[in-house]
Structures are given as structure tokens and as C-alpha cells.
Amino acid sequence: MAEAVFSHIVAERGLASIFHIDSAGTARYHVGERPDGRTIATCEKHQVGVKHFGQHLVPRHFAEYDYILCMDRDNLSECKRVKPKGKSKAKHELFGAYSKNKDDLIVTDPYYGDMEDFEEMYKRIVRCSMGLLMELSRKEARLRNLGIISSNLGQGDVQD
């Protein structure tokens, strides 16, 4: 769900061309499969398209991505285990750390819950996604002000 929601938020702001957003699990469950039907239904309720098929987190992801964001501490621990020794381009941390709501730090898997749990997960992911986009915008603005980059995420495009 997080990949679909963040992709949707980024696309709404016309920023899709500067992001490569993907998702991978720390366990091998559901590799090659579509997300849970309740995830798809929740996303569709909010006009968020879901195009993802499950894949497993592998060492090369740490060289391909700038951020690897984990939903809970178990995922973060497994992420650290998979991370190759030596240098890693990817910053790996909890996705929930980007939300202003401290209750969002752990984004609980609603798999054993009901549709209300999936809706709550959606809301948490939106808050985390907006926080992440705001942080990336702030970093980009600092780099632009230092003359290190010239691209622009778009002043005023990101609000929470």
C-alpha cells in the first residue's frame, strides 16, 4: 500500500519523473503476487492505483535506492541483516518516523484485521508519505540554496 500511496501523492504533484518508487518485503511471502484484496480495495476507495507485484528485499536494492523505508522494527532489523557489508547508498529507517503523529512510528500490518484496520493503515501511510515528501523538499531546497543542485521539487507543492 505504501508504494501505491506515495506514488499517487508524488504523481498528483507532477513529481513522478524524479522518483523511482518500489516496494519489497523482508520475507519471501507473496513474491510475484498482487497485494491483499483489502489493500487494493482500500486504495481504490481513495482513487489510488495499485500496480505492484510482491518481491523480496535483496542486497542490490541498497545500491539502487536512496531510501529503504520499513514499516516496523522487525522489518528494519531484517533490512539491516540484508544490507551488504561496506558502503550502502540507501538510508534505511522506519517510514513512520516521517509522520508528525508519533503514533504512526510503527505502521502495523493489518493482514489479520478487518477493513477498518486497512483504512487506518491507509491514513497512516498518507501522513508518513506527506512527511517524507516534505523532508525531501526541505533537503532539496537546502542543496539548491548551496548551489549543489538546480532541480526543483516545486516550492509550495508540498503541504501537510
# chains A, B, ... in the order shown; residues from 1 in each chain; ligands from 1

call {"tool": "residues_around", "arguments": {"residues": "A:Asp66", "least_positions_apart": "4", "cutoff": "10 Å", "atoms": "only C-alpha atoms", "output": "list in words"}}
result
His20, His61, Phe62, Ser88, Lys89, Ala90, Lys91 and His92 of chain A

call {"tool": "write_last_selection", "arguments": {"atoms": "N, CA and C atoms", "output": "short mmCIF file (atom, residue, chain, number, x, y, z; two decimals), in the first residue's frame"}}
result
data_model
loop_
_atom_site.label_atom_id
_atom_site.label_comp_id
_atom_site.auth_asym_id
_atom_site.auth_seq_id
_atom_site.Cartn_x
_atom_site.Cartn_y
_atom_site.Cartn_z
N HIS A 20 11.83 7.16 -8.32
CA HIS A 20 11.67 5.74 -8.65
C HIS A 20 11.22 5.08 -7.36
N HIS A 61 19.27 -3.78 -3.79
CA HIS A 61 18.38 -2.64 -3.53
C HIS A 61 19.10 -1.52 -2.77
N PHE A 62 20.11 -1.88 -1.99
CA PHE A 62 20.83 -0.89 -1.21
C PHE A 62 21.73 -0.01 -2.09
N SER A 88 26.75 1.63 1.61
CA SER A 88 25.39 1.47 1.11
C SER A 88 24.86 2.84 0.77
N LYS A 89 24.33 2.99 -0.41
CA LYS A 89 23.74 4.26 -0.82
C LYS A 89 22.46 4.54 -0.05
N ALA A 90 21.71 3.49 0.24
CA ALA A 90 20.37 3.64 0.81
C ALA A 90 20.39 3.95 2.30
N LYS A 91 19.59 4.94 2.66
CA LYS A 91 19.31 5.22 4.06
C LYS A 91 18.14 4.31 4.43
N HIS A 92 18.28 3.54 5.50
CA HIS A 92 17.20 2.65 5.89
C HIS A 92 16.73 3.01 7.29
#

call {"tool": "select_by_dssp", "arguments": {"residues": "chain A", "states": "alpha helix (DSSP H)", "output": "ChimeraX atom specification"}}
result
/A:2-12,37-45,61-64,73-82,115-145

call {"tool": "residues_around", "arguments": {"residues": "A:Leu69", "least_positions_apart": "5", "cutoff": "6 Å", "atoms": "only C-alpha atoms", "output": "PyMOL selection string"}}
result
chain A and resi 92-95

call {"tool": "closest_atom_pairs", "arguments": {"of": "stretch 105-153 of chain A", "to": "stretch 26-40 of chain A", "cutoff": "10 Å", "atoms": "only C-alpha atoms", "output": "JSON lines"}}
result
{"residue": "A:Pro110", "atom": "CA", "partner": "A:Thr39", "partner_atom": "CA", "distance": 9.1}
{"residue": "A:Tyr111", "atom": "CA", "partner": "A:Asp36", "partner_atom": "CA", "distance": 8.0}
{"residue": "A:Asp114", "atom": "CA", "partner": "A:Arg38", "partner_atom": "CA", "distance": 8.5}
{"residue": "A:Met115", "atom": "CA", "partner": "A:Arg38", "partner_atom": "CA", "distance": 6.7}
{"residue": "A:Asp117", "atom": "CA", "partner": "A:Arg38", "partner_atom": "CA", "distance": 9.8}
{"residue": "A:Phe118", "atom": "CA", "partner": "A:Thr39", "partner_atom": "CA", "distance": 6.6}
{"residue": "A:Glu119", "atom": "CA", "partner": "A:Thr39", "partner_atom": "CA", "distance": 8.8}
{"residue": "A:Met121", "atom": "CA", "partner": "A:Thr39", "partner_atom": "CA", "distance": 9.3}
{"residue": "A:Tyr122", "atom": "CA", "partner": "A:Thr39", "partner_atom": "CA", "distance": 8.6}

call {"tool": "residues_around", "arguments": {"residues": "A:Ser129", "least_positions_apart": "4", "cutoff": "10 Å", "atoms": "only C-alpha atoms", "output": "list in words"}}
result
Ala2, Glu3, Val5, Phe6, Ser7, His8, Ile9, Val10, Phe95, Gly96, Tyr98, Ser99, Lys123, Arg124, Ile125, Leu133, Met134, Glu135 and Asp160 of chain A

call {"tool": "residues_around", "arguments": {"residues": "stretch 79-87 of chain A", "least_positions_apart": "3", "cutoff": "6 Å", "atoms": "only C-alpha atoms", "output": "MDAnalysis selection string"}}
result
chainID A and resid 59 75:76

call {"tool": "write_last_selection", "arguments": {"atoms": "all heavy atoms", "output": "JSON list (two decimals), in the first residue's frame"}}
result
[["chain", "number", "residue", "atom", "x", "y", "z"],
["A", 59, "PRO", "N", 20.16, -7.54, -1.51],
["A", 59, "PRO", "CA", 21.28, -6.62, -1.33],
["A", 59, "PRO", "C", 21.41, -5.54, -2.40],
["A", 59, "PRO", "O", 21.76, -4.40, -2.09],
["A", 59, "PRO", "CB", 22.49, -7.54, -1.29],
["A", 59, "PRO", "CG", 21.97, -8.81, -0.72],
["A", 59, "PRO", "CD", 20.58, -8.95, -1.32],
["A", 75, "ASN", "N", 10.91, -5.46, 10.44],
["A", 75, "ASN", "CA", 11.34, -5.20, 9.06],
["A", 75, "ASN", "C", 12.66, -4.45, 9.04],
["A", 75, "ASN", "O", 13.54, -4.76, 8.23],
["A", 75, "ASN", "CB", 10.30, -4.37, 8.31],
["A", 75, "ASN", "CG", 9.00, -5.09, 8.04],
["A", 75, "ASN", "OD1", 7.97, -4.45, 7.90],
["A", 75, "ASN", "ND2", 9.00, -6.40, 7.96],
["A", 76, "LEU", "N", 12.82, -3.49, 9.93],
["A", 76, "LEU", "CA", 14.06, -2.72, 10.00],
["A", 76, "LEU", "C", 15.24, -3.61, 10.38],
["A", 76, "LEU", "O", 16.32, -3.53, 9.78],
["A", 76, "LEU", "CB", 13.92, -1.56, 10.99],
["A", 76, "LEU", "CG", 15.11, -0.60, 11.09],
["A", 76, "LEU", "CD1", 15.41, 0.05, 9.75],
["A", 76, "LEU", "CD2", 14.83, 0.46, 12.15]]

call {"tool": "atom_distance", "arguments": {"atom1": "atom CA of A:Ser137", "atom2": "atom CA of A:His56"}}
result
28.9 Å

call {"tool": "atom_distance", "arguments": {"atom1": "atom CA of A:Glu120", "atom2": "atom CA of A:Asn101"}}
result
13.0 Å

call {"tool": "closest_residue", "arguments": {"among": "A:Asp72, A:Glu64, A:Ala97, A:Val50", "to": "A:Leu132", "atoms": "only C-alpha atoms"}}
result
A:Ala97

call {"tool": "select_by_dssp", "arguments": {"residues": "chain A", "states": "strand (DSSP E)", "output": "CSV table (one decimal) with C-alpha atoms, in the first residue's frame"}}
result
chain,number,residue,atom,x,y,z
A,67,TYR,CA,15.8,5.2,0.9
A,68,ILE,CA,14.6,1.9,2.1
A,69,LEU,CA,11.7,2.6,4.5
A,70,CYS,CA,10.5,-0.1,6.8
A,91,LYS,CA,19.3,5.2,4.1
A,92,HIS,CA,17.2,2.6,5.9
A,93,GLU,CA,14.8,3.6,8.6
A,94,LEU,CA,11.2,3.5,9.8

call {"tool": "atom_distance", "arguments": {"atom1": "atom CA of A:Leu57", "atom2": "atom CA of A:Ala24"}}
result
5.0 Å

call {"tool": "closest_residue", "arguments": {"among": "A:Met130, A:Met71, A:Met1, A:Leu143", "to": "A:Cys43", "atoms": "only C-alpha atoms"}}
result
A:Met1

call {"tool": "closest_residue", "arguments": {"among": "A:Val58, A:Leu15, A:Ala41, A:Ala4", "to": "A:Glu116", "atoms": "only C-alpha atoms"}}
result
A:Ala41

call {"tool": "residues_around", "arguments": {"residues": "A:Lys100", "least_positions_apart": "3", "cutoff": "8 Å", "atoms": "only C-alpha atoms", "output": "compact mmCIF listing (two decimals) with N, CA, C and O atoms, in the first residue's frame"}}
result
# COMPACT_ATOMS: atom_id res chain seq x y z
N ALA A 97 8.65 7.36 10.94
CA ALA A 97 9.41 8.48 11.51
C ALA A 97 9.13 9.78 10.77
O ALA A 97 9.40 10.86 11.30
N ARG A 127 -0.07 10.11 5.96
CA ARG A 127 0.66 11.03 6.83
C ARG A 127 2.17 10.84 6.69
O ARG A 127 2.93 11.82 6.61
N CYS A 128 2.61 9.59 6.66
CA CYS A 128 4.04 9.31 6.50
C CYS A 128 4.54 9.77 5.14
O CYS A 128 5.64 10.34 5.04
N GLY A 131 4.88 13.52 5.10
CA GLY A 131 6.05 13.90 5.87
C GLY A 131 7.34 13.64 5.12
O GLY A 131 8.27 14.46 5.14

call {"tool": "decode", "arguments": {"residues": "stretch 72-104 of chain A", "atoms": "N, CA, C and O atoms", "output": "short mmCIF file (atom, residue, chain, number, x, y, z; two decimals), in the first residue's frame"}}
result
data_model
loop_
_atom_site.label_atom_id
_atom_site.label_comp_id
_atom_site.auth_asym_id
_atom_site.auth_seq_id
_atom_site.Cartn_x
_atom_site.Cartn_y
_atom_site.Cartn_z
N ASP A 72 7.97 -1.56 10.32
CA ASP A 72 8.08 -1.85 11.75
C ASP A 72 9.51 -2.25 12.10
O ASP A 72 10.37 -2.35 11.24
N ARG A 73 9.74 -2.46 13.38
CA ARG A 73 11.10 -2.75 13.84
C ARG A 73 11.61 -4.11 13.35
O ARG A 73 12.81 -4.27 13.11
N ASP A 74 10.73 -5.09 13.21
CA ASP A 74 11.15 -6.39 12.68
C ASP A 74 11.65 -6.24 11.24
O ASP A 74 12.67 -6.80 10.86
N ASN A 75 10.91 -5.46 10.44
CA ASN A 75 11.34 -5.20 9.06
C ASN A 75 12.66 -4.45 9.04
O ASN A 75 13.54 -4.76 8.23
N LEU A 76 12.82 -3.49 9.93
CA LEU A 76 14.06 -2.72 10.00
C LEU A 76 15.24 -3.61 10.38
O LEU A 76 16.32 -3.53 9.78
N SER A 77 15.02 -4.51 11.31
CA SER A 77 16.07 -5.45 11.72
C SER A 77 16.46 -6.36 10.57
O SER A 77 17.65 -6.59 10.32
N GLU A 78 15.48 -6.87 9.85
CA GLU A 78 15.76 -7.73 8.71
C GLU A 78 16.44 -6.94 7.60
O GLU A 78 17.34 -7.46 6.92
N CYS A 79 16.05 -5.71 7.42
CA CYS A 79 16.68 -4.83 6.42
C CYS A 79 18.17 -4.68 6.73
O CYS A 79 19.02 -4.79 5.84
N LYS A 80 18.49 -4.46 7.99
CA LYS A 80 19.89 -4.31 8.40
C LYS A 80 20.66 -5.61 8.17
O LYS A 80 21.85 -5.58 7.83
N ARG A 81 19.98 -6.75 8.33
CA ARG A 81 20.64 -8.04 8.10
C ARG A 81 20.95 -8.25 6.62
O ARG A 81 22.00 -8.77 6.25
N VAL A 82 20.04 -7.81 5.75
CA VAL A 82 20.19 -8.00 4.30
C VAL A 82 21.20 -7.02 3.70
O VAL A 82 21.85 -7.32 2.71
N LYS A 83 21.34 -5.86 4.34
CA LYS A 83 22.23 -4.81 3.83
C LYS A 83 23.64 -5.37 3.62
O LYS A 83 24.21 -6.01 4.49
N PRO A 84 24.21 -5.13 2.44
CA PRO A 84 25.57 -5.61 2.17
C PRO A 84 26.59 -4.94 3.10
O PRO A 84 26.40 -3.80 3.52
N LYS A 85 27.64 -5.64 3.38
CA LYS A 85 28.73 -5.07 4.19
C LYS A 85 29.38 -3.92 3.42
O LYS A 85 29.40 -3.90 2.20
N GLY A 86 29.91 -2.97 4.13
CA GLY A 86 30.57 -1.83 3.48
C GLY A 86 29.60 -0.73 3.19
O GLY A 86 28.59 -0.55 3.86
N LYS A 87 29.90 0.03 2.13
CA LYS A 87 29.09 1.20 1.79
C LYS A 87 27.72 0.80 1.25
O LYS A 87 27.58 -0.17 0.53
N SER A 88 26.75 1.63 1.61
CA SER A 88 25.39 1.47 1.11
C SER A 88 24.86 2.84 0.77
O SER A 88 24.94 3.76 1.59
N LYS A 89 24.33 2.99 -0.41
CA LYS A 89 23.74 4.26 -0.82
C LYS A 89 22.46 4.54 -0.05
O LYS A 89 22.17 5.67 0.31
N ALA A 90 21.71 3.49 0.24
CA ALA A 90 20.37 3.64 0.81
C ALA A 90 20.39 3.95 2.30
O ALA A 90 21.07 3.30 3.08
N LYS A 91 19.59 4.94 2.66
CA LYS A 91 19.31 5.22 4.06
C LYS A 91 18.14 4.31 4.43
O LYS A 91 17.13 4.27 3.73
N HIS A 92 18.28 3.54 5.50
CA HIS A 92 17.20 2.65 5.89
C HIS A 92 16.73 3.01 7.29
O HIS A 92 17.52 3.17 8.21
N GLU A 93 15.41 3.19 7.38
CA GLU A 93 14.81 3.65 8.63
C GLU A 93 13.31 3.34 8.62
O GLU A 93 12.78 2.83 7.63
N LEU A 94 12.65 3.69 9.71
CA LEU A 94 11.21 3.48 9.81
C LEU A 94 10.46 4.55 9.01
O LEU A 94 10.72 5.75 9.17
N PHE A 95 9.55 4.13 8.17
CA PHE A 95 8.72 5.05 7.39
C PHE A 95 7.92 5.96 8.31
O PHE A 95 7.76 7.15 8.06
N GLY A 96 7.44 5.41 9.41
CA GLY A 96 6.62 6.17 10.35
C GLY A 96 7.34 7.34 10.99
O GLY A 96 6.69 8.25 11.52
N ALA A 97 8.65 7.36 10.94
CA ALA A 97 9.41 8.48 11.51
C ALA A 97 9.13 9.78 10.77
O ALA A 97 9.40 10.86 11.30
N TYR A 98 8.58 9.71 9.57
CA TYR A 98 8.30 10.91 8.77
C TYR A 98 6.94 11.53 9.09
O TYR A 98 6.64 12.63 8.63
N SER A 99 6.12 10.86 9.87
CA SER A 99 4.83 11.42 10.25
C SER A 99 4.99 12.33 11.46
O SER A 99 5.79 12.05 12.35
N LYS A 100 4.21 13.39 11.51
CA LYS A 100 4.18 14.25 12.69
C LYS A 100 3.48 13.55 13.86
O LYS A 100 3.68 13.91 15.01
N ASN A 101 2.65 12.58 13.55
CA ASN A 101 1.90 11.84 14.56
C ASN A 101 2.79 10.71 15.09
O ASN A 101 3.07 9.75 14.38
N LYS A 102 3.22 10.80 16.32
CA LYS A 102 4.14 9.81 16.89
C LYS A 102 3.52 8.42 16.98
O LYS A 102 4.23 7.43 17.05
N ASP A 103 2.19 8.33 16.94
CA ASP A 103 1.53 7.02 16.93
C ASP A 103 1.75 6.29 15.62
O ASP A 103 1.47 5.10 15.51
N ASP A 104 2.26 6.99 14.60
CA ASP A 104 2.49 6.39 13.29
C ASP A 104 3.88 5.77 13.15
O ASP A 104 4.19 5.22 12.10
#
